[in-house]
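This is query.txt. It holds compact mmCIF, C-alpha atoms.
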```txt
# COMPACT_ATOMS: atom_id res chain seq x y z
CA MET H 691 12.39 -6.22 23.52
CA PRO H 692 10.92 -6.24 19.99
CA PRO H 693 12.73 -8.39 17.40
CA PRO H 694 14.93 -6.66 14.80
CA HIS H 695 13.40 -5.73 11.45
CA ARG H 696 14.87 -5.07 8.02
CA PHE H 697 15.01 -1.42 6.95
CA LEU H 698 15.84 0.12 3.58
CA TRP H 699 17.80 3.37 3.63
CA SER H 700 19.11 6.03 1.26
CA ALA H 701 21.52 8.81 2.13
CA HIS H 702 24.37 11.05 0.85
CA ASP H 703 28.02 11.15 1.71
CA LEU H 704 30.03 14.33 2.34
CA GLU H 705 30.63 14.73 -1.40
CA GLY H 706 26.92 14.59 -2.19
CA GLN H 707 26.98 11.13 -3.74
CA ALA H 708 23.78 9.08 -3.28
CA HIS H 709 23.95 5.70 -1.56
CA LYS H 710 21.37 3.13 -0.53
CA GLY H 711 21.25 -0.19 1.27
CA GLU H 712 19.55 -2.17 4.02
CA LEU H 713 20.20 -2.88 7.68
CA MET H 714 18.67 -4.65 10.67
CA ALA H 715 17.35 -2.62 13.62
CA ARG H 716 14.60 -2.78 16.24
CA HIS H 717 13.11 0.65 15.53
CA THR H 718 13.33 3.36 12.88
CA LYS H 719 15.15 5.57 15.38
CA ASP H 720 17.76 2.87 15.95
CA ALA H 721 18.29 2.49 12.19
CA ARG H 722 18.67 6.25 11.76
CA ALA H 723 21.12 6.41 14.69
CA GLN H 724 23.29 3.70 13.15
CA LEU H 725 23.48 5.61 9.87
CA GLN H 726 24.24 8.90 11.61
CA GLN H 727 27.12 7.26 13.46
CA GLN H 728 28.52 6.17 10.08
CA GLY H 729 28.53 9.80 8.89
CA TRP H 730 25.73 9.68 6.35
CA MET H 731 23.67 12.81 5.55
CA GLY H 732 20.12 13.32 4.26
CA ILE H 733 19.07 9.97 5.67
CA GLU H 734 15.78 8.37 4.57
CA VAL H 735 14.74 5.16 6.36
CA ARG H 736 11.69 2.99 5.65
CA HIS H 737 10.51 -0.38 6.89
CA ALA H 738 11.12 -3.01 4.21
CA ASN H 739 7.91 -4.92 4.92
CA ARG H 740 5.79 -1.79 4.90
CA GLN H 741 7.36 -0.71 1.65
CA ARG H 742 6.54 -4.07 0.11
CA TRP H 743 2.93 -3.84 1.31
CA ARG H 744 2.59 -0.34 -0.04
CA ASP H 745 4.01 -1.26 -3.43
CA GLY H 746 2.49 -4.67 -3.92
CA ARG H 747 -0.96 -4.38 -2.36
CA ALA H 748 -2.00 -0.76 -2.06
CA MET H 749 -0.86 0.14 -5.58
CA SER H 750 -2.68 -1.95 -8.17
CA GLN H 751 -1.33 -2.49 -11.66
CA ARG H 752 -4.13 -0.29 -12.96
CA ASP H 753 -2.87 2.55 -10.75
CA ILE H 754 0.64 2.07 -12.14
CA THR H 755 -0.74 2.24 -15.68
CA VAL H 756 -2.53 5.51 -14.94
CA LEU H 757 0.65 7.01 -13.47
CA THR H 758 2.59 5.84 -16.53
CA ARG H 759 0.14 7.52 -18.90
CA GLN H 760 0.24 10.76 -16.91
CA LEU H 761 4.04 10.80 -16.81
CA ALA H 762 4.26 10.01 -20.54
CA THR H 763 1.90 12.89 -21.36
CA LEU H 764 3.88 15.38 -19.26
CA VAL H 765 7.30 14.28 -20.53
CA ASN H 766 6.10 14.40 -24.15
CA ALA H 767 4.92 17.96 -23.44
CA ASP H 768 8.57 18.84 -22.64
CA VAL H 769 7.95 19.11 -18.92
CA PRO H 770 11.18 18.26 -17.02
CA LEU H 771 11.03 14.94 -15.16
CA LEU H 772 11.23 16.44 -11.66
CA ASN H 773 8.59 19.03 -12.49
CA ALA H 774 6.37 16.31 -13.97
CA LEU H 775 6.61 14.17 -10.84
CA THR H 776 6.00 17.21 -8.65
CA LEU H 777 2.90 18.11 -10.65
CA MET H 778 1.64 14.53 -10.35
CA THR H 779 2.04 14.64 -6.56
CA GLN H 780 -0.06 17.80 -6.50
CA THR H 781 -2.88 16.33 -8.56
CA THR H 782 -3.13 12.74 -7.29
CA THR H 783 -5.85 11.96 -4.77
CA GLN H 784 -4.71 8.47 -3.75
CA ILE H 785 -2.50 8.19 -0.67
CA PRO H 786 -0.50 5.15 -1.91
CA ALA H 787 0.23 6.84 -5.23
CA LEU H 788 1.22 10.05 -3.45
CA ARG H 789 3.67 8.19 -1.20
CA LEU H 790 5.18 6.38 -4.16
CA LEU H 791 5.61 9.59 -6.16
CA GLU H 792 7.13 11.40 -3.19
CA GLN H 793 9.63 8.58 -2.71
CA LEU H 794 10.55 8.67 -6.41
CA LEU H 795 11.07 12.42 -6.14
CA ARG H 796 13.38 12.03 -3.12
CA ASP H 797 15.41 9.32 -4.83
CA ILE H 798 15.80 11.28 -8.08
CA ARG H 799 16.73 14.47 -6.24
CA GLY H 800 19.26 12.35 -4.37
CA GLY H 801 21.06 11.58 -7.62
CA LEU H 802 19.35 8.44 -8.87
CA SER H 803 18.01 8.08 -12.38
CA LEU H 804 14.33 7.29 -12.88
CA ALA H 805 15.14 3.66 -13.69
CA GLN H 806 17.27 3.35 -10.54
CA ALA H 807 14.52 4.91 -8.45
CA LEU H 808 11.98 2.50 -9.91
CA ALA H 809 14.28 -0.41 -9.07
CA LEU H 810 13.70 0.35 -5.38
CA HIS H 811 10.05 -0.64 -5.95
CA PRO H 812 10.37 -4.00 -7.75
CA ILE H 813 6.84 -5.17 -6.96
CA ALA H 814 5.17 -2.08 -8.41
CA PHE H 815 7.54 -1.80 -11.40
CA ASN H 816 8.58 -5.11 -12.95
CA ALA H 817 11.79 -5.78 -14.88
CA LEU H 818 10.17 -4.98 -18.23
CA TYR H 819 9.01 -1.59 -16.98
CA ARG H 820 12.42 -0.70 -15.58
CA HIS H 821 14.22 -1.89 -18.68
CA VAL H 822 12.10 0.26 -21.00
CA VAL H 823 12.56 3.31 -18.78
CA ALA H 824 16.33 2.77 -18.65
CA ALA H 825 16.46 2.49 -22.44
CA GLY H 826 14.40 5.67 -22.79
CA GLU H 827 16.71 7.61 -20.48
CA ALA H 828 19.81 6.34 -22.29
CA SER H 829 18.47 7.18 -25.76
CA GLY H 830 16.73 10.44 -24.89
CA THR H 831 13.33 9.04 -25.92
CA LEU H 832 11.84 8.61 -22.46
CA GLY H 833 8.53 10.23 -23.36
CA LEU H 834 8.07 8.11 -26.48
CA LEU H 835 8.86 4.84 -24.72
CA LEU H 836 6.72 5.72 -21.71
CA ASP H 837 3.85 6.35 -24.11
CA ARG H 838 4.36 2.97 -25.76
CA LEU H 839 4.70 1.30 -22.38
CA ALA H 840 1.44 2.86 -21.19
CA THR H 841 -0.29 1.77 -24.41
CA GLN H 842 1.03 -1.77 -24.01
CA ARG H 843 -0.21 -1.95 -20.40
CA GLU H 844 -3.61 -0.49 -21.32
CA ARG H 845 -4.12 -3.04 -24.09
CA HIS H 846 -3.02 -5.85 -21.80
CA GLU H 847 -5.44 -4.73 -19.09
CA ALA H 848 -8.28 -4.40 -21.58
CA LEU H 849 -7.72 -7.94 -22.87
CA THR H 850 -7.42 -9.30 -19.34
CA SER H 851 -10.64 -7.56 -18.34
CA GLN H 852 -12.49 -8.96 -21.36
CA LEU H 853 -11.16 -12.45 -20.72
CA ARG H 854 -12.08 -12.26 -17.03
CA SER H 855 -15.57 -10.97 -17.82
CA ALA H 856 -16.16 -13.77 -20.31
CA MET H 857 -15.25 -16.32 -17.62
CA VAL H 858 -16.80 -14.65 -14.58
CA TYR H 859 -20.31 -14.21 -16.00
CA PRO H 860 -21.07 -17.91 -16.63
CA LEU H 861 -19.32 -18.86 -13.39
CA ALA H 862 -21.44 -16.40 -11.41
CA VAL H 863 -24.65 -17.67 -13.02
CA VAL H 864 -23.71 -21.28 -12.28
CA LEU H 865 -22.91 -20.45 -8.64
CA VAL H 866 -26.26 -18.70 -8.21
CA ALA H 867 -28.02 -21.66 -9.80
CA VAL H 868 -26.23 -24.09 -7.48
CA ALA H 869 -27.23 -21.97 -4.49
CA VAL H 870 -30.89 -22.00 -5.63
CA VAL H 871 -30.83 -25.78 -6.08
CA VAL H 872 -29.30 -26.23 -2.61
CA VAL H 873 -32.03 -24.07 -1.08
CA ILE H 874 -34.67 -26.16 -2.83
CA LEU H 875 -33.10 -29.39 -1.60
CA LEU H 876 -32.74 -28.16 1.99
CA TRP H 877 -36.09 -26.45 2.55
CA VAL H 878 -38.55 -27.12 -0.27
CA VAL H 879 -38.11 -30.83 -0.94
CA PRO H 880 -38.50 -31.88 2.74
CA THR H 881 -41.94 -30.19 2.73
CA PHE H 882 -43.02 -32.30 -0.24
CA GLU H 883 -41.60 -35.42 1.42
CA SER H 884 -43.89 -34.94 4.41
CA VAL H 885 -46.84 -34.66 2.02
CA TYR H 886 -45.83 -37.80 0.11
CA ALA H 887 -45.58 -39.76 3.38
CA GLY H 888 -49.38 -39.68 3.66
CA PHE H 889 -49.97 -41.05 0.17
CA GLY H 890 -49.07 -44.61 1.13
CA ALA H 891 -48.10 -45.32 -2.48
CA ALA H 892 -44.84 -46.07 -4.25
CA LEU H 893 -43.12 -42.97 -5.57
CA PRO H 894 -41.50 -42.68 -9.02
CA ALA H 895 -37.79 -43.43 -9.21
CA LEU H 896 -36.98 -39.82 -10.12
CA THR H 897 -38.84 -38.54 -7.05
CA GLN H 898 -37.20 -41.11 -4.79
CA GLY H 899 -33.77 -40.09 -6.05
CA LEU H 900 -34.49 -36.43 -5.40
CA LEU H 901 -35.78 -37.18 -1.88
CA SER H 902 -32.70 -39.30 -1.11
CA LEU H 903 -30.43 -36.52 -2.28
CA SER H 904 -32.32 -34.01 -0.13
CA ARG H 905 -32.16 -36.24 2.98
CA GLY H 906 -28.42 -36.82 2.53
CA LEU H 907 -27.77 -33.10 2.15
CA VAL H 908 -29.92 -32.22 5.20
CA HIS H 909 -28.34 -34.86 7.45
CA HIS H 910 -24.77 -34.11 6.40
CA SER H 911 -25.03 -30.37 5.76
CA PRO H 912 -22.52 -29.42 8.53
CA LEU H 913 -19.96 -31.84 7.11
CA VAL H 914 -20.58 -30.63 3.58
CA GLY H 915 -20.20 -27.01 4.72
CA VAL H 916 -16.90 -27.76 6.48
CA LEU H 917 -15.59 -29.66 3.44
CA LEU H 918 -16.53 -26.78 1.12
CA LEU H 919 -14.85 -24.28 3.43
CA LEU H 920 -11.67 -26.36 3.66
CA THR H 921 -11.68 -26.86 -0.10
CA GLY H 922 -11.97 -23.12 -0.66
CA LEU H 923 -9.16 -22.32 1.77
CA LEU H 924 -6.95 -25.02 0.26
CA SER H 925 -7.64 -23.70 -3.24
CA LEU H 926 -6.71 -20.16 -2.21
CA ARG H 927 -3.47 -21.43 -0.73
CA LEU H 928 -2.53 -23.78 -3.57
CA ARG H 929 -3.32 -21.31 -6.36
CA ARG H 930 -0.18 -19.36 -5.40
CA ALA H 931 2.11 -22.40 -5.21
CA PRO H 932 4.66 -22.44 -8.08
CA TRP H 933 4.10 -26.11 -8.90
CA VAL H 934 0.34 -25.57 -9.12
CA LEU H 935 0.79 -22.60 -11.47
CA THR H 936 3.24 -24.59 -13.59
CA THR H 937 0.90 -27.58 -13.84
CA TRP H 938 -2.07 -25.33 -14.59
CA ASP H 939 -0.24 -23.53 -17.40
CA ARG H 940 1.04 -26.83 -18.76
CA TRP H 941 -2.43 -28.22 -19.39
CA ASN H 942 -4.85 -25.32 -19.81
CA LEU H 943 -3.75 -24.64 -23.39
CA TYR H 944 -5.26 -28.00 -24.40
CA TRP H 945 -8.69 -27.37 -22.89
CA PRO H 946 -11.55 -26.75 -25.30
CA VAL H 947 -12.54 -23.10 -25.71
CA VAL H 948 -10.58 -21.93 -22.65
CA GLY H 949 -7.30 -23.20 -24.05
CA ARG H 950 -7.81 -21.31 -27.30
CA LEU H 951 -8.56 -18.09 -25.42
CA LYS H 952 -5.53 -18.50 -23.14
CA LYS H 953 -3.26 -19.13 -26.11
CA LEU H 954 -4.55 -16.08 -27.98
CA ALA H 955 -4.16 -13.87 -24.91
CA SER H 956 -0.63 -15.12 -24.17
CA THR H 957 0.43 -14.75 -27.81
CA ALA H 958 -0.90 -11.19 -27.99
CA ARG H 959 0.79 -10.27 -24.72
CA TRP H 960 4.10 -11.86 -25.70
CA THR H 961 4.29 -10.25 -29.15
CA ARG H 962 3.24 -6.84 -27.78
CA THR H 963 5.87 -7.03 -25.04
CA LEU H 964 8.60 -8.10 -27.46
CA CYS H 965 7.64 -5.27 -29.83
CA THR H 966 7.87 -2.72 -26.99
CA LEU H 967 11.32 -3.98 -25.99
CA LEU H 968 12.62 -3.90 -29.57
CA ASP H 969 11.31 -0.35 -29.95
CA ALA H 970 13.36 0.52 -26.86
CA GLY H 971 16.50 -0.64 -28.67
CA THR H 972 16.92 -3.89 -26.74
CA PRO H 973 18.88 -6.63 -28.54
CA LEU H 974 16.65 -9.49 -29.63
CA ASN H 975 18.10 -12.16 -27.34
CA HIS H 976 17.83 -9.86 -24.28
CA ALA H 977 14.33 -8.80 -25.34
CA LEU H 978 13.26 -12.45 -25.46
CA ILE H 979 14.53 -12.99 -21.91
CA SER H 980 12.67 -9.93 -20.64
CA ALA H 981 9.51 -10.91 -22.52
CA ALA H 982 9.61 -14.31 -20.81
CA GLY H 983 8.94 -12.74 -17.43
CA ALA H 984 6.11 -10.58 -18.70
CA CYS H 985 4.10 -13.02 -20.82
CA GLY H 986 2.13 -14.34 -17.84
CA HIS H 987 2.18 -18.02 -18.86
CA HIS H 988 4.69 -20.68 -17.82
CA ARG H 989 4.86 -22.45 -21.19
CA PHE H 990 5.36 -19.18 -23.07
CA GLU H 991 7.97 -18.18 -20.51
CA GLN H 992 9.95 -21.39 -21.03
CA ALA H 993 9.59 -21.11 -24.80
CA SER H 994 10.79 -17.50 -24.76
CA LEU H 995 13.90 -18.43 -22.77
CA ALA H 996 14.60 -21.30 -25.17
CA MET H 997 14.19 -18.94 -28.13
CA ALA H 998 16.63 -16.49 -26.53
CA GLN H 999 19.19 -19.29 -26.32
CA SER H 1000 18.52 -20.26 -29.94
CA VAL H 1001 18.91 -16.68 -31.15
CA GLN H 1002 22.12 -16.37 -29.14
CA GLU H 1003 23.41 -19.44 -30.99
CA GLY H 1004 22.67 -17.86 -34.38
CA LEU H 1005 19.16 -19.01 -35.31
CA THR H 1006 16.59 -16.56 -36.60
CA LEU H 1007 13.55 -15.65 -34.56
CA THR H 1008 11.31 -17.26 -37.19
CA THR H 1009 13.09 -20.59 -36.83
CA ALA H 1010 12.92 -20.36 -33.06
CA LEU H 1011 9.19 -19.62 -33.25
CA LYS H 1012 8.65 -22.73 -35.37
CA HIS H 1013 10.60 -24.91 -32.94
CA SER H 1014 8.57 -23.66 -29.95
CA GLY H 1015 5.32 -25.13 -31.28
CA LEU H 1016 3.24 -22.43 -29.56
CA PHE H 1017 2.76 -19.89 -32.35
CA ASP H 1018 0.42 -20.19 -35.31
CA PRO H 1019 1.52 -19.66 -38.95
CA LEU H 1020 0.36 -16.03 -38.98
CA VAL H 1021 2.83 -14.95 -36.28
CA ILE H 1022 5.62 -17.00 -37.87
CA GLN H 1023 4.95 -15.52 -41.32
CA LEU H 1024 4.89 -11.95 -40.03
CA SER H 1025 8.12 -12.60 -38.13
CA ALA H 1026 9.76 -13.90 -41.31
CA MET H 1027 8.61 -10.84 -43.25
CA GLY H 1028 9.88 -8.53 -40.52
CA GLU H 1029 13.30 -10.17 -40.35
CA ALA H 1030 13.63 -10.14 -44.15
CA SER H 1031 12.73 -6.45 -44.42
CA GLY H 1032 14.41 -5.24 -41.22
CA THR H 1033 11.06 -4.21 -39.69
CA LEU H 1034 10.69 -6.93 -37.07
CA SER H 1035 9.24 -4.60 -34.45
CA SER H 1036 6.56 -3.34 -36.84
CA SER H 1037 5.69 -6.88 -37.93
CA LEU H 1038 5.37 -8.03 -34.32
CA SER H 1039 3.14 -5.06 -33.62
CA LYS H 1040 0.87 -6.14 -36.49
CA ALA H 1041 0.84 -9.69 -35.14
CA ALA H 1042 -0.10 -8.45 -31.66
CA HIS H 1043 -2.88 -6.29 -33.11
CA LEU H 1044 -4.30 -9.18 -35.14
CA LYS H 1045 -4.21 -11.53 -32.16
CA GLU H 1046 -5.89 -8.95 -29.97
CA ARG H 1047 -8.65 -8.50 -32.53
CA GLU H 1048 -9.05 -12.25 -32.87
CA LEU H 1049 -9.28 -12.62 -29.11
CA GLU H 1050 -11.92 -9.89 -28.91
CA SER H 1051 -13.92 -11.61 -31.65
CA GLN H 1052 -13.65 -14.98 -29.89
CA LEU H 1053 -14.77 -13.45 -26.58
CA GLN H 1054 -17.76 -11.75 -28.18
CA GLY H 1055 -18.79 -15.00 -29.85
CA LEU H 1056 -18.32 -16.92 -26.62
CA SER H 1057 -20.39 -14.43 -24.65
CA GLY H 1058 -23.22 -14.69 -27.18
CA LEU H 1059 -23.05 -18.49 -27.13
CA MET H 1060 -22.75 -19.04 -23.39
CA GLU H 1061 -25.96 -17.25 -22.46
CA PRO H 1062 -28.38 -19.55 -24.33
CA ILE H 1063 -26.40 -22.64 -23.26
CA ILE H 1064 -26.60 -21.62 -19.60
CA ILE H 1065 -30.33 -20.88 -19.92
CA VAL H 1066 -30.98 -24.30 -21.48
CA VAL H 1067 -28.92 -26.16 -18.86
CA LEU H 1068 -30.53 -24.32 -15.95
CA GLY H 1069 -33.96 -24.91 -17.48
CA LEU H 1070 -33.26 -28.64 -17.66
CA VAL H 1071 -32.05 -28.75 -14.06
CA ILE H 1072 -34.95 -26.77 -12.62
CA GLY H 1073 -37.41 -28.58 -14.87
CA THR H 1074 -36.16 -31.96 -13.67
CA ILE H 1075 -36.57 -30.90 -10.03
CA VAL H 1076 -40.10 -29.60 -10.64
CA LEU H 1077 -41.03 -32.77 -12.53
CA ALA H 1078 -39.69 -34.96 -9.73
CA LEU H 1079 -41.67 -33.01 -7.11
CA TYR H 1080 -45.01 -32.92 -8.93
CA TRP H 1081 -44.98 -36.27 -10.69
CA PRO H 1082 -46.56 -38.12 -7.70
CA ILE H 1083 -49.29 -35.45 -7.52
CA PHE H 1084 -50.04 -35.92 -11.23
CA GLU H 1085 -50.27 -39.70 -10.75
CA LEU H 1086 -52.56 -39.24 -7.74
CA GLY H 1087 -54.83 -37.02 -9.81
CA GLN H 1088 -55.09 -39.69 -12.52
CA VAL H 1089 -56.00 -42.32 -9.91
CA ILE H 1090 -58.76 -40.12 -8.48
```

Would you put the structure from the file into structure tokens?
Amino acid sequence: MPPPHRFLWSAHDLEGQAHKGELMARHTKDARAQLQQQGWMGIEVRHANRQRWRDGRAMSQRDITVLTRQLATLVNADVPLLNALTLMTQTTTQIPALRLLEQLLRDIRGGLSLAQALALHPIAFNALYRHVVAAGEASGTLGLLLDRLATQRERHEALTSQLRSAMVYPLAVVLVAVAVVVVILLWVVPTFESVYAGFGAALPALTQGLLSLSRGLVHHSPLVGVLLLLTGLLSLRLRRAPWVLTTWDRWNLYWPVVGRLKKLASTARWTRTLCTLLDAGTPLNHALISAAGACGHHRFEQASLAMAQSVQEGLTLTTALKHSGLFDPLVIQLSAMGEASGTLSSSLSKAAHLKERELESQLQGLSGLMEPIIIVVLGLVIGTIVLALYWPIFELGQVI
């Protein structure tokens, strides 16, 4: 017999009230039969693991951002929520998005609010997303807050894409260069070594070093390949470990160039998130807690939680920012101005905008600087290899 699995269910009682929960069963039919025996009506049953796969893997964060922008546009056009979701199901072409929208429609028609329906998909919609939607429904400004949420996600994705592109390009060039050098060492250098064997003369130290490196790589290539494969697999496994992420975030802010970019990106993300939460009417201490989970950096997360505790104890946000040691004077000054004038959200929005612009400028400068540096380094490497290979031939020509 197959082992039992966890199923999520939603149903109605005889009075039409919506209920949801989870149970263990071997098949979907068994789960549905259990619920029918309990007297539930309008039963919907789904496999918990499949739901998680559908939310977390099939639906990317970019897809969620697109859905958010579409929903914000329709709600701001005074289209009722159910009609907006129905229209989105009719126009979407992606199967995962269609399934998600259909499930949201079923849950909302079953009596749940949009925020409650989103809470059934925690991987696709994080706590920040659900909190903003709940605030919008409570205040009657759902369209406005969805629009701001979509804008915040779009800016975050744009910055992430720029940061990734700035890092991926030099890494890709370096990997290609390493592959070319390995090919030269494995197949080209041994050919020259057989030619040099007939010279009967002492080779230059640079040539001898290159030949030794080539022989070692040829003789131990299977071992090197296995070690590289194991290293790659171990890296993929460790990169998701919490202690690795914590250690990485603890030190990468101090790295040259990369640390500055990470700090700018985290500051922009944190201030933009906090601004969005304050616009949703969230109290400052609760907004700081929610921003901690959305900033994407362990040190900023810990600092945000500490600032929430400080604000709860009566300190101002400006004082808490100074104590954190992570924010530059510009952010602290704008925070002080916002608290003094009662426009903290607007001031944080200006800080986020300035940090985003600064990050874009830094990335453009880095991209322009990295290309000539990479060209020079690769030229030196390839030039050294060519010199080592042809130096004995030049010396032989001088002797003749």

Selected residue, from H:Thr921, H:Ser1036, H:Thr936, H:Gln842, that lies nearest to Trp960 of chain H when counting only C-alpha atoms: H:Gln842

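Here the question is which of H:Ala1078, H:Leu772, H:Leu978, H:Ile1072 gets nearest to Leu802 of chain H using only C-alpha atoms, and that residue is H:Leu772.
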
Nearest to Leu968 of chain H by atom-to-atom distance, counting only C-alpha atoms, from H:Leu1034, H:Val1067, H:Ala993, H:Leu935: H:Leu1034

Here's a test: counting all atoms listed in the file, identify every protein, DNA and RNA residue with an atom at most 10 Å from (13.0, 7.2, -24.1) in the file's coordinate frame, and state them as a compact mmCIF listing (two decimals) with C-alpha atoms, in the coordinates of the input.
```txt
# COMPACT_ATOMS: atom_id res chain seq x y z
CA ALA H 762 4.26 10.01 -20.54
CA VAL H 765 7.30 14.28 -20.53
CA ASN H 766 6.10 14.40 -24.15
CA VAL H 822 12.10 0.26 -21.00
CA VAL H 823 12.56 3.31 -18.78
CA ALA H 824 16.33 2.77 -18.65
CA ALA H 825 16.46 2.49 -22.44
CA GLY H 826 14.40 5.67 -22.79
CA GLU H 827 16.71 7.61 -20.48
CA ALA H 828 19.81 6.34 -22.29
CA SER H 829 18.47 7.18 -25.76
CA GLY H 830 16.73 10.44 -24.89
CA THR H 831 13.33 9.04 -25.92
CA LEU H 832 11.84 8.61 -22.46
CA GLY H 833 8.53 10.23 -23.36
CA LEU H 834 8.07 8.11 -26.48
CA LEU H 835 8.86 4.84 -24.72
CA LEU H 836 6.72 5.72 -21.71
CA ASP H 837 3.85 6.35 -24.11
CA ARG H 838 4.36 2.97 -25.76
CA ASP H 969 11.31 -0.35 -29.95
CA ALA H 970 13.36 0.52 -26.86
CA GLY H 971 16.50 -0.64 -28.67
```

Identify, on the basis of all atoms listed in the file, every residue whose closest approach to segment 719-729 of chain H does not exceed 9 Å; exclude the query and any residue fewer than 3 positions from it along the same chain; express the result as an mmCIF file with C-alpha atoms, in the coordinates of the input.
```
data_model
loop_
_atom_site.group_PDB
_atom_site.id
_atom_site.type_symbol
_atom_site.label_atom_id
_atom_site.label_comp_id
_atom_site.auth_asym_id
_atom_site.auth_seq_id
_atom_site.Cartn_x
_atom_site.Cartn_y
_atom_site.Cartn_z
ATOM 1 C CA PHE H 697 15.010 -1.420 6.950
ATOM 2 C CA TRP H 699 17.800 3.370 3.630
ATOM 3 C CA ALA H 701 21.520 8.810 2.130
ATOM 4 C CA ASP H 703 28.020 11.150 1.710
ATOM 5 C CA LEU H 704 30.030 14.330 2.340
ATOM 6 C CA LEU H 713 20.200 -2.880 7.680
ATOM 7 C CA MET H 714 18.670 -4.650 10.670
ATOM 8 C CA ALA H 715 17.350 -2.620 13.620
ATOM 9 C CA ARG H 716 14.600 -2.780 16.240
ATOM 10 C CA ILE H 733 19.070 9.970 5.670
ATOM 11 C CA GLU H 734 15.780 8.370 4.570
ATOM 12 C CA VAL H 735 14.740 5.160 6.360
#
```

Between atom CA of Gly1055 of chain H and atom CA of Thr850 of chain H, distance in Å (one decimal):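 According to the coordinates, atom CA of Gly1055 of chain H and atom CA of Thr850 of chain H are separated by 16.5 Å.
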
Separation of atom CA of Leu954 of chain H from atom CA of Val1021 of chain H in Å: 11.2 Å

Who sits within 12 Å of Glu991 of chain H, all atoms listed in the file, same chain under 6 positions skipped, as a ChimeraX atom specification: /H:936,939-940,956-957,959-960,978-985,997-998,1014,1016

Straight-line distance linking atom CA of Leu839 of chain H with atom CA of Arg799 of chain H, stated in Å to one decimal: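 Separation between atom CA of Leu839 of chain H and atom CA of Arg799 of chain H: 24.1 Å.
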
Polymer residues at most 12 Å from Leu900 of chain H, only C-alpha atoms, same-chain spacing of 3 or more positions, as a list in words: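 The residues satisfying every condition are Val871, Val872, Ile874, Leu875, Leu876, Val878, Val879, Pro880, Phe882, Glu883, Leu893, Pro894, Ala895, Leu896, Thr897, Leu903, Ser904, Arg905, Gly906, Leu907, Val1071, Thr1074, Ile1075, Val1076, Leu1077, Ala1078, Leu1079, Tyr1080 and Trp1081 of chain H.
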
Using only C-alpha atoms: which of H:Leu964, H:Val873, H:Val916, H:Leu1020 has the shortest distance to Ser1039 of chain H: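 Among the listed residues, H:Leu964 lies closest to Ser1039 of chain H.
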